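One file, work.pdb, is given below (PDB, C-alpha atoms, pLDDT in the B column).
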ATOM      1  CA  MET A   1     116.014 133.681   8.960  1.00 79.00           C
ATOM      2  CA  THR A   2     118.191 131.295  10.989  1.00 91.00           C
ATOM      3  CA  GLN A   3     117.671 127.656   9.998  1.00 94.00           C
ATOM      4  CA  VAL A   4     118.050 124.960  12.674  1.00 97.00           C
ATOM      5  CA  ILE A   5     117.809 121.285  11.719  1.00 98.00           C
ATOM      6  CA  ALA A   6     117.389 118.453  14.223  1.00 98.00           C
ATOM      7  CA  ILE A   7     118.298 114.861  13.350  1.00 98.00           C
ATOM      8  CA  ASN A   8     116.495 112.115  15.277  1.00 98.00           C
ATOM      9  CA  GLY A   9     118.595 108.952  15.410  1.00 97.00           C
ATOM     10  CA  SER A  10     115.920 107.006  17.283  1.00 97.00           C
ATOM     11  CA  PRO A  11     113.300 104.758  15.681  1.00 96.00           C
ATOM     12  CA  ARG A  12     110.774 106.287  18.077  1.00 94.00           C
ATOM     13  CA  LYS A  13     109.175 109.582  17.079  1.00 94.00           C
ATOM     14  CA  THR A  14     107.429 110.429  20.350  1.00 93.00           C
ATOM     15  CA  TRP A  15     109.651 109.060  23.108  1.00 93.00           C
ATOM     16  CA  ASN A  16     112.710 110.321  25.003  1.00 96.00           C
ATOM     17  CA  THR A  17     115.072 111.409  22.225  1.00 97.00           C
ATOM     18  CA  ALA A  18     112.396 112.861  19.969  1.00 97.00           C
ATOM     19  CA  THR A  19     110.795 114.694  22.902  1.00 97.00           C
ATOM     20  CA  LEU A  20     114.089 116.314  23.853  1.00 98.00           C
ATOM     21  CA  LEU A  21     114.769 117.303  20.241  1.00 98.00           C
ATOM     22  CA  GLY A  22     111.296 118.821  20.109  1.00 97.00           C
ATOM     23  CA  HIS A  23     112.080 120.981  23.121  1.00 98.00           C
ATOM     24  CA  ALA A  24     115.418 121.958  21.574  1.00 97.00           C
ATOM     25  CA  LEU A  25     113.619 123.114  18.439  1.00 97.00           C
ATOM     26  CA  GLU A  26     111.138 125.037  20.560  1.00 97.00           C
ATOM     27  CA  GLY A  27     114.112 126.799  22.130  1.00 96.00           C
ATOM     28  CA  ALA A  28     115.507 127.616  18.698  1.00 96.00           C
ATOM     29  CA  ALA A  29     112.116 128.897  17.553  1.00 96.00           C
ATOM     30  CA  SER A  30     111.901 131.113  20.638  1.00 95.00           C
ATOM     31  CA  ALA A  31     115.059 132.809  19.362  1.00 94.00           C
ATOM     32  CA  GLY A  32     113.446 133.419  15.980  1.00 93.00           C
ATOM     33  CA  ALA A  33     114.755 130.382  14.090  1.00 95.00           C
ATOM     34  CA  GLN A  34     112.950 128.337  11.486  1.00 95.00           C
ATOM     35  CA  THR A  35     113.155 124.669  12.477  1.00 97.00           C
ATOM     36  CA  GLU A  36     112.979 121.213  10.956  1.00 97.00           C
ATOM     37  CA  ILE A  37     113.280 117.670  12.308  1.00 98.00           C
ATOM     38  CA  VAL A  38     114.465 114.692  10.263  1.00 98.00           C
ATOM     39  CA  HIS A  39     113.736 111.141  11.429  1.00 98.00           C
ATOM     40  CA  LEU A  40     116.570 108.960  10.159  1.00 98.00           C
ATOM     41  CA  TYR A  41     114.543 105.755  10.451  1.00 97.00           C
ATOM     42  CA  ASP A  42     112.176 107.118   7.796  1.00 97.00           C
ATOM     43  CA  LEU A  43     115.009 107.269   5.256  1.00 98.00           C
ATOM     44  CA  ASP A  44     116.565 104.633   3.008  1.00 97.00           C
ATOM     45  CA  TYR A  45     120.336 105.146   3.070  1.00 97.00           C
ATOM     46  CA  LYS A  46     123.631 103.576   4.040  1.00 96.00           C
ATOM     47  CA  GLY A  47     126.859 104.725   5.616  1.00 96.00           C
ATOM     48  CA  CYS A  48     130.091 105.659   3.865  1.00 97.00           C
ATOM     49  CA  THR A  49     130.950 103.207   1.049  1.00 95.00           C
ATOM     50  CA  SER A  50     134.651 104.159   0.999  1.00 95.00           C
ATOM     51  CA  CYS A  51     134.485 105.245  -2.654  1.00 95.00           C
ATOM     52  CA  PHE A  52     136.677 108.294  -1.879  1.00 95.00           C
ATOM     53  CA  SER A  53     134.897 110.389  -4.521  1.00 95.00           C
ATOM     54  CA  CYS A  54     134.811 113.199  -1.963  1.00 95.00           C
ATOM     55  CA  LYS A  55     138.653 113.185  -1.911  1.00 94.00           C
ATOM     56  CA  LEU A  56     139.321 112.772  -5.660  1.00 93.00           C
ATOM     57  CA  VAL A  57     141.520 115.527  -7.088  1.00 90.00           C
ATOM     58  CA  GLY A  58     139.459 117.430  -9.628  1.00 87.00           C
ATOM     59  CA  GLY A  59     136.482 115.140  -9.040  1.00 87.00           C
ATOM     60  CA  LYS A  60     132.946 116.447  -9.485  1.00 92.00           C
ATOM     61  CA  SER A  61     132.067 115.222  -5.960  1.00 92.00           C
ATOM     62  CA  TYR A  62     135.139 116.644  -4.229  1.00 94.00           C
ATOM     63  CA  GLY A  63     134.079 117.809  -0.782  1.00 93.00           C
ATOM     64  CA  LYS A  64     130.634 116.220  -0.922  1.00 93.00           C
ATOM     65  CA  CYS A  65     129.213 112.735  -0.690  1.00 96.00           C
ATOM     66  CA  ALA A  66     128.732 111.112  -4.103  1.00 95.00           C
ATOM     67  CA  VAL A  67     126.187 108.555  -2.919  1.00 96.00           C
ATOM     68  CA  GLN A  68     122.654 109.332  -4.068  1.00 96.00           C
ATOM     69  CA  ASP A  69     119.884 108.153  -1.742  1.00 97.00           C
ATOM     70  CA  ASP A  70     117.340 109.512   0.739  1.00 97.00           C
ATOM     71  CA  LEU A  71     120.084 111.134   2.798  1.00 98.00           C
ATOM     72  CA  THR A  72     121.394 113.253  -0.093  1.00 97.00           C
ATOM     73  CA  PRO A  73     118.831 116.108   0.165  1.00 97.00           C
ATOM     74  CA  VAL A  74     119.167 116.109   3.959  1.00 98.00           C
ATOM     75  CA  LEU A  75     122.926 116.620   3.697  1.00 97.00           C
ATOM     76  CA  GLU A  76     122.332 119.483   1.280  1.00 96.00           C
ATOM     77  CA  ARG A  77     119.877 121.167   3.655  1.00 96.00           C
ATOM     78  CA  ILE A  78     122.400 120.826   6.478  1.00 97.00           C
ATOM     79  CA  ARG A  79     125.027 122.478   4.279  1.00 95.00           C
ATOM     80  CA  ASN A  80     122.715 125.463   3.965  1.00 94.00           C
ATOM     81  CA  ALA A  81     121.565 125.477   7.597  1.00 96.00           C
ATOM     82  CA  ASP A  82     122.776 127.737  10.396  1.00 95.00           C
ATOM     83  CA  ALA A  83     122.768 125.202  13.240  1.00 97.00           C
ATOM     84  CA  LEU A  84     122.465 121.455  13.713  1.00 97.00           C
ATOM     85  CA  ILE A  85     121.286 119.354  16.635  1.00 97.00           C
ATOM     86  CA  LEU A  86     121.565 115.581  16.796  1.00 98.00           C
ATOM     87  CA  GLY A  87     119.794 113.177  19.108  1.00 98.00           C
ATOM     88  CA  SER A  88     120.342 109.480  19.636  1.00 97.00           C
ATOM     89  CA  PRO A  89     119.611 106.803  22.188  1.00 97.00           C
ATOM     90  CA  ILE A  90     122.483 104.528  23.170  1.00 93.00           C
ATOM     91  CA  TYR A  91     122.170 101.036  21.706  1.00 92.00           C
ATOM     92  CA  VAL A  92     124.761  98.394  22.649  1.00 87.00           C
ATOM     93  CA  GLY A  93     127.103 101.018  24.031  1.00 84.00           C
ATOM     94  CA  THR A  94     127.002 103.664  21.320  1.00 89.00           C
ATOM     95  CA  ALA A  95     124.737 105.809  19.150  1.00 94.00           C
ATOM     96  CA  THR A  96     122.305 103.942  16.898  1.00 96.00           C
ATOM     97  CA  GLY A  97     123.523 102.449  13.634  1.00 96.00           C
ATOM     98  CA  GLU A  98     121.462 104.975  11.688  1.00 97.00           C
ATOM     99  CA  MET A  99     123.113 107.852  13.528  1.00 97.00           C
ATOM    100  CA  ARG A 100     126.595 106.420  13.031  1.00 97.00           C
ATOM    101  CA  SER A 101     125.960 105.939   9.309  1.00 97.00           C
ATOM    102  CA  PHE A 102     124.593 109.462   9.100  1.00 97.00           C
ATOM    103  CA  LEU A 103     127.694 110.870  10.809  1.00 97.00           C
ATOM    104  CA  GLU A 104     129.977 109.038   8.385  1.00 97.00           C
ATOM    105  CA  ARG A 105     128.179 110.592   5.437  1.00 97.00           C
ATOM    106  CA  LEU A 106     127.996 114.026   7.096  1.00 97.00           C
ATOM    107  CA  VAL A 107     131.549 114.416   8.401  1.00 96.00           C
ATOM    108  CA  PHE A 108     133.892 112.506   6.100  1.00 95.00           C
ATOM    109  CA  PRO A 109     133.387 114.466   2.841  1.00 96.00           C
ATOM    110  CA  TYR A 110     134.408 117.716   4.565  1.00 96.00           C
ATOM    111  CA  LEU A 111     137.490 116.233   6.254  1.00 94.00           C
ATOM    112  CA  VAL A 112     140.640 117.067   4.287  1.00 93.00           C
ATOM    113  CA  TYR A 113     143.489 114.566   4.253  1.00 90.00           C
ATOM    114  CA  ASP A 114     146.116 117.200   5.050  1.00 90.00           C
ATOM    115  CA  ALA A 115     148.407 117.573   8.041  1.00 82.00           C
ATOM    116  CA  ALA A 116     145.974 119.885   9.798  1.00 84.00           C
ATOM    117  CA  ARG A 117     142.929 117.695   9.063  1.00 85.00           C
ATOM    118  CA  SER A 118     141.235 120.885   7.896  1.00 89.00           C
ATOM    119  CA  SER A 119     137.593 121.285   6.875  1.00 93.00           C
ATOM    120  CA  LEU A 120     135.900 121.994   3.552  1.00 93.00           C
ATOM    121  CA  PHE A 121     132.648 123.035   5.203  1.00 94.00           C
ATOM    122  CA  PRO A 122     132.007 126.537   3.829  1.00 92.00           C
ATOM    123  CA  LYS A 123     131.223 128.295   7.116  1.00 93.00           C
ATOM    124  CA  LYS A 124     131.066 127.950  10.872  1.00 94.00           C
ATOM    125  CA  MET A 125     127.924 126.167  12.052  1.00 95.00           C
ATOM    126  CA  PRO A 126     127.246 125.415  15.730  1.00 96.00           C
ATOM    127  CA  SER A 127     126.019 121.966  16.646  1.00 97.00           C
ATOM    128  CA  GLY A 128     124.662 120.122  19.647  1.00 96.00           C
ATOM    129  CA  VAL A 129     124.125 116.478  20.524  1.00 97.00           C
ATOM    130  CA  ILE A 130     121.681 114.917  22.986  1.00 97.00           C
ATOM    131  CA  TYR A 131     122.230 111.318  24.084  1.00 97.00           C
ATOM    132  CA  THR A 132     119.585 109.281  25.916  1.00 96.00           C
ATOM    133  CA  MET A 133     120.081 105.969  27.683  1.00 91.00           C
ATOM    134  CA  GLY A 134     118.421 103.599  30.097  1.00 89.00           C
ATOM    135  CA  ALA A 135     121.644 103.200  32.073  1.00 84.00           C
ATOM    136  CA  ASP A 136     122.071 105.220  35.245  1.00 84.00           C
ATOM    137  CA  GLU A 137     125.005 107.531  35.992  1.00 85.00           C
ATOM    138  CA  ALA A 138     127.090 104.810  37.688  1.00 85.00           C
ATOM    139  CA  ARG A 139     126.709 102.458  34.733  1.00 83.00           C
ATOM    140  CA  VAL A 140     127.554 105.247  32.293  1.00 83.00           C
ATOM    141  CA  LYS A 141     130.778 105.902  34.206  1.00 85.00           C
ATOM    142  CA  ASP A 142     131.693 102.210  34.265  1.00 82.00           C
ATOM    143  CA  MET A 143     131.145 101.944  30.501  1.00 82.00           C
ATOM    144  CA  ALA A 144     133.182 105.098  29.782  1.00 84.00           C
ATOM    145  CA  TYR A 145     130.484 106.449  27.460  1.00 88.00           C
ATOM    146  CA  GLU A 146     131.667 110.018  27.862  1.00 88.00           C
ATOM    147  CA  ALA A 147     134.932 109.313  26.037  1.00 89.00           C
ATOM    148  CA  GLN A 148     133.112 108.513  22.801  1.00 88.00           C
ATOM    149  CA  PHE A 149     130.744 111.469  23.275  1.00 92.00           C
ATOM    150  CA  ARG A 150     133.755 113.762  23.534  1.00 92.00           C
ATOM    151  CA  LEU A 151     135.261 112.217  20.409  1.00 92.00           C
ATOM    152  CA  THR A 152     132.105 112.969  18.425  1.00 94.00           C
ATOM    153  CA  ALA A 153     132.102 116.520  19.794  1.00 94.00           C
ATOM    154  CA  MET A 154     135.739 116.924  18.740  1.00 93.00           C
ATOM    155  CA  LEU A 155     134.919 115.821  15.187  1.00 93.00           C
ATOM    156  CA  LEU A 156     131.932 118.145  14.958  1.00 95.00           C
ATOM    157  CA  GLU A 157     134.007 121.050  16.251  1.00 94.00           C
ATOM    158  CA  ARG A 158     136.825 120.346  13.798  1.00 94.00           C
ATOM    159  CA  ILE A 159     134.534 120.190  10.787  1.00 95.00           C
ATOM    160  CA  PHE A 160     131.728 122.631  11.587  1.00 96.00           C
ATOM    161  CA  GLY A 161     132.542 124.844  14.559  1.00 95.00           C
ATOM    162  CA  PRO A 162     131.513 125.113  18.227  1.00 95.00           C
ATOM    163  CA  SER A 163     129.661 122.094  19.577  1.00 95.00           C
ATOM    164  CA  ALA A 164     128.002 121.088  22.845  1.00 95.00           C
ATOM    165  CA  TRP A 165     126.479 117.882  24.149  1.00 94.00           C
ATOM    166  CA  PHE A 166     124.719 116.447  27.133  1.00 93.00           C
ATOM    167  CA  MET A 167     123.371 113.075  28.156  1.00 94.00           C
ATOM    168  CA  VAL A 168     120.087 112.051  29.728  1.00 95.00           C
ATOM    169  CA  THR A 169     120.507 108.928  31.840  1.00 92.00           C
ATOM    170  CA  ASP A 170     118.214 106.420  33.513  1.00 92.00           C
ATOM    171  CA  THR A 171     115.381 107.060  31.058  1.00 94.00           C
ATOM    172  CA  LEU A 172     111.989 105.396  31.080  1.00 89.00           C
ATOM    173  CA  GLN A 173     112.142 102.778  28.332  1.00 90.00           C
ATOM    174  CA  PHE A 174     108.608 101.335  28.564  1.00 87.00           C
ATOM    175  CA  GLU A 175     105.289 102.603  29.823  1.00 86.00           C
ATOM    176  CA  ASP A 176     104.589  99.213  31.428  1.00 86.00           C
ATOM    177  CA  TYR A 177     107.668  97.310  32.618  1.00 90.00           C
ATOM    178  CA  SER A 178     105.538  94.308  33.603  1.00 87.00           C
ATOM    179  CA  LYS A 179     105.171  93.415  29.916  1.00 91.00           C
ATOM    180  CA  TYR A 180     108.910  92.931  29.438  1.00 89.00           C
ATOM    181  CA  VAL A 181     111.709  90.898  30.963  1.00 91.00           C
ATOM    182  CA  SER A 182     113.332  93.755  32.855  1.00 85.00           C
ATOM    183  CA  SER A 183     113.995  92.695  36.435  1.00 85.00           C
ATOM    184  CA  GLY A 184     117.232  94.705  36.484  1.00 85.00           C
ATOM    185  CA  PHE A 185     115.223  97.931  36.648  1.00 87.00           C
ATOM    186  CA  ASP A 186     113.018  99.500  39.301  1.00 88.00           C
ATOM    187  CA  PRO A 187     109.861 100.576  37.421  1.00 87.00           C
ATOM    188  CA  GLU A 188     108.682 102.891  40.197  1.00 91.00           C
ATOM    189  CA  ALA A 189     112.038 104.661  40.361  1.00 90.00           C
ATOM    190  CA  LYS A 190     112.059 104.964  36.576  1.00 88.00           C
ATOM    191  CA  ALA A 191     108.570 106.463  36.540  1.00 90.00           C
ATOM    192  CA  ARG A 192     109.451 108.872  39.346  1.00 92.00           C
ATOM    193  CA  ARG A 193     112.551 110.035  37.516  1.00 92.00           C
ATOM    194  CA  ARG A 194     110.458 110.535  34.385  1.00 92.00           C
ATOM    195  CA  ARG A 195     108.085 112.791  36.340  1.00 93.00           C
ATOM    196  CA  GLU A 196     110.654 114.701  38.356  1.00 93.00           C
ATOM    197  CA  VAL A 197     113.925 114.783  36.392  1.00 94.00           C
ATOM    198  CA  PHE A 198     112.995 114.454  32.741  1.00 95.00           C
ATOM    199  CA  PRO A 199     111.160 117.827  32.670  1.00 96.00           C
ATOM    200  CA  GLU A 200     114.391 119.480  33.806  1.00 96.00           C
ATOM    201  CA  GLU A 201     116.258 117.725  30.992  1.00 97.00           C
ATOM    202  CA  CYS A 202     113.661 119.071  28.561  1.00 97.00           C
ATOM    203  CA  LYS A 203     114.390 122.591  29.832  1.00 97.00           C
ATOM    204  CA  LYS A 204     118.085 121.913  29.256  1.00 97.00           C
ATOM    205  CA  ALA A 205     117.319 120.863  25.680  1.00 97.00           C
ATOM    206  CA  PHE A 206     115.235 124.011  25.182  1.00 97.00           C
ATOM    207  CA  GLU A 207     118.153 126.131  26.334  1.00 96.00           C
ATOM    208  CA  MET A 208     120.554 124.286  24.024  1.00 96.00           C
ATOM    209  CA  GLY A 209     118.247 124.982  21.085  1.00 96.00           C
ATOM    210  CA  ARG A 210     117.994 128.649  22.006  1.00 95.00           C
ATOM    211  CA  ARG A 211     121.777 128.924  22.219  1.00 95.00           C
ATOM    212  CA  LEU A 212     122.241 127.094  18.921  1.00 95.00           C
ATOM    213  CA  ALA A 213     119.979 129.593  17.185  1.00 94.00           C
ATOM    214  CA  LYS A 214     122.190 132.365  18.540  1.00 90.00           C
ATOM    215  CA  GLY A 215     125.503 130.685  17.641  1.00 84.00           C
ATOM    216  CA  LEU A 216     125.868 128.604  20.865  1.00 69.00           C
ATOM    217  CA  PRO A 217     128.623 130.258  22.979  1.00 69.00           C
ATOM    218  CA  GLY A 218     127.523 132.474  25.839  1.00 60.00           C
TER     219      GLY A 218
END
How does this structure look as structure tokens?
Amino acid sequence: MTQVIAINGSPRKTWNTATLLGHALEGAASAGAQTEIVHLYDLDYKGCTSCFSCKLVGGKSYGKCAVQDDLTPVLERIRNADALILGSPIYVGTATGEMRSFLERLVFPYLVYDAARSSLFPKKMPSGVIYTMGADEARVKDMAYEAQFRLTAMLLERIFGPSAWFMVTDTLQFEDYSKYVSSGFDPEAKARRRREVFPEECKKAFEMGRRLAKGLPG
């Protein structure tokens, strides 16, 4: 049976990012896949420590991360999976620290230091990424977020195979904006977008999950 793993890079387990990942997994399940979600904030781990054990000629950890922590079994399950979907909110202009650390540990061991920057990953595995953010489309354009999203997609494609991504902008960050200093936002517009637009984004996530379970292209 096809195995699809989702990685939640948000500390929230029931809000925007996690909800979209849930719909993506529902889409994968609709295509017959077995699914799993991992919440990174539940794990005790760190990013790459630059030990280079994964690059050591003849080393016992060549091609895999030598660090042993809560992320180790997750990386092994991903190695044996058939598709991967990542989700992260944007914090201070980029994916969360937990997601960035995860990506370091996931990608770097498979990246070969040769002229072609080839991959040691043993097969082709499609992947998808969902980004969520409170910023609206105009702000996203001004901050040039898409450039870094494309860079991550390029890395995933180089190491694992075909990859897709999409972003969900202008998300509802709080249920009650009156409790927070947030005068730069229009709470009514945020709530309306949550009701009217977010369900369509959930359908998009569902479709991504369905495509991932089938290999993504097409």
Listing only residues of range 22-57 of chain A within 12 Å of range 119-133 of chain A, what is the closest atom pair and its distance in Å (to one decimal) for each, using only C-alpha atoms, sorted by chain and residue number ascending, as JSON lines?
{"residue": "A:Gly22", "atom": "CA", "partner": "A:Ile130", "partner_atom": "CA", "distance": 11.5}
{"residue": "A:His23", "atom": "CA", "partner": "A:Ile130", "partner_atom": "CA", "distance": 11.4}
{"residue": "A:Ala24", "atom": "CA", "partner": "A:Ile130", "partner_atom": "CA", "distance": 9.5}
{"residue": "A:Leu25", "atom": "CA", "partner": "A:Gly128", "partner_atom": "CA", "distance": 11.5}
{"residue": "A:Ala28", "atom": "CA", "partner": "A:Gly128", "partner_atom": "CA", "distance": 11.9}
{"residue": "A:Cys54", "atom": "CA", "partner": "A:Leu120", "partner_atom": "CA", "distance": 10.4}
{"residue": "A:Lys55", "atom": "CA", "partner": "A:Leu120", "partner_atom": "CA", "distance": 10.7}
Selection result of the PyMOL selection byres ((chain A and resi 175) around 12) on this file, as a ChimeraX atom specification: /A:15-16,171-174,176-180,187-188,190-191,194
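Each of A:Leu106, A:Ile159, A:Val168, A:Leu151 was compared to Lys203 in chain A using only C-alpha atoms, and A:Val168 turns out to be the nearest.
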Can you list, as a PyMOL selection string, the residues that the PyMOL selection byres ((chain A and resi 111) around 12) selects here? chain A and resi 52+54-55+62-65+104-110+112-122+155-160
The PyMOL selection byres ((chain A and resi 32) around 10) on the file shown: which residues, as a PyMOL selection string? chain A and resi 1-3+26-31+33-35+210+213-214
Could you list, as a list of chain:residue names, every residue within 10 Å of range 73-75 of chain A, counting only C-alpha atoms and ignoring same-chain residues fewer than 3 positions away? A:Ile5, A:Ile7, A:Val38, A:Leu40, A:Leu43, A:Lys64, A:Cys65, A:Gln68, A:Asp69, A:Asp70, A:Ile78, A:Arg79, A:Asn80, A:Ala81, A:Phe102, A:Arg105, A:Leu106
For the residues selected in the previous step, produce a file with C-alpha atoms as a JSON list (two decimals), in the frame of the given file.
[["chain", "number", "residue", "atom", "x", "y", "z"],
["A", 5, "ILE", "CA", 117.81, 121.28, 11.72],
["A", 7, "ILE", "CA", 118.30, 114.86, 13.35],
["A", 38, "VAL", "CA", 114.46, 114.69, 10.26],
["A", 40, "LEU", "CA", 116.57, 108.96, 10.16],
["A", 43, "LEU", "CA", 115.01, 107.27, 5.26],
["A", 64, "LYS", "CA", 130.63, 116.22, -0.92],
["A", 65, "CYS", "CA", 129.21, 112.74, -0.69],
["A", 68, "GLN", "CA", 122.65, 109.33, -4.07],
["A", 69, "ASP", "CA", 119.88, 108.15, -1.74],
["A", 70, "ASP", "CA", 117.34, 109.51, 0.74],
["A", 78, "ILE", "CA", 122.40, 120.83, 6.48],
["A", 79, "ARG", "CA", 125.03, 122.48, 4.28],
["A", 80, "ASN", "CA", 122.72, 125.46, 3.96],
["A", 81, "ALA", "CA", 121.56, 125.48, 7.60],
["A", 102, "PHE", "CA", 124.59, 109.46, 9.10],
["A", 105, "ARG", "CA", 128.18, 110.59, 5.44],
["A", 106, "LEU", "CA", 128.00, 114.03, 7.10]]
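As for CA of Ala138 in chain A and CA of Asp186 in chain A, they are spaced 15.1 Å apart.
Across the structure, CA of Ala18 in chain A and CA of Ala95 in chain A are spaced 14.2 Å apart.
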Near Val92 in chain A, within 12 Å and counting only C-alpha atoms, which residues show up once chain neighbours fewer than 6 positions away are dropped, as a list of chain:residue names? A:Met133, A:Gly134, A:Ala135, A:Met143, A:Tyr145
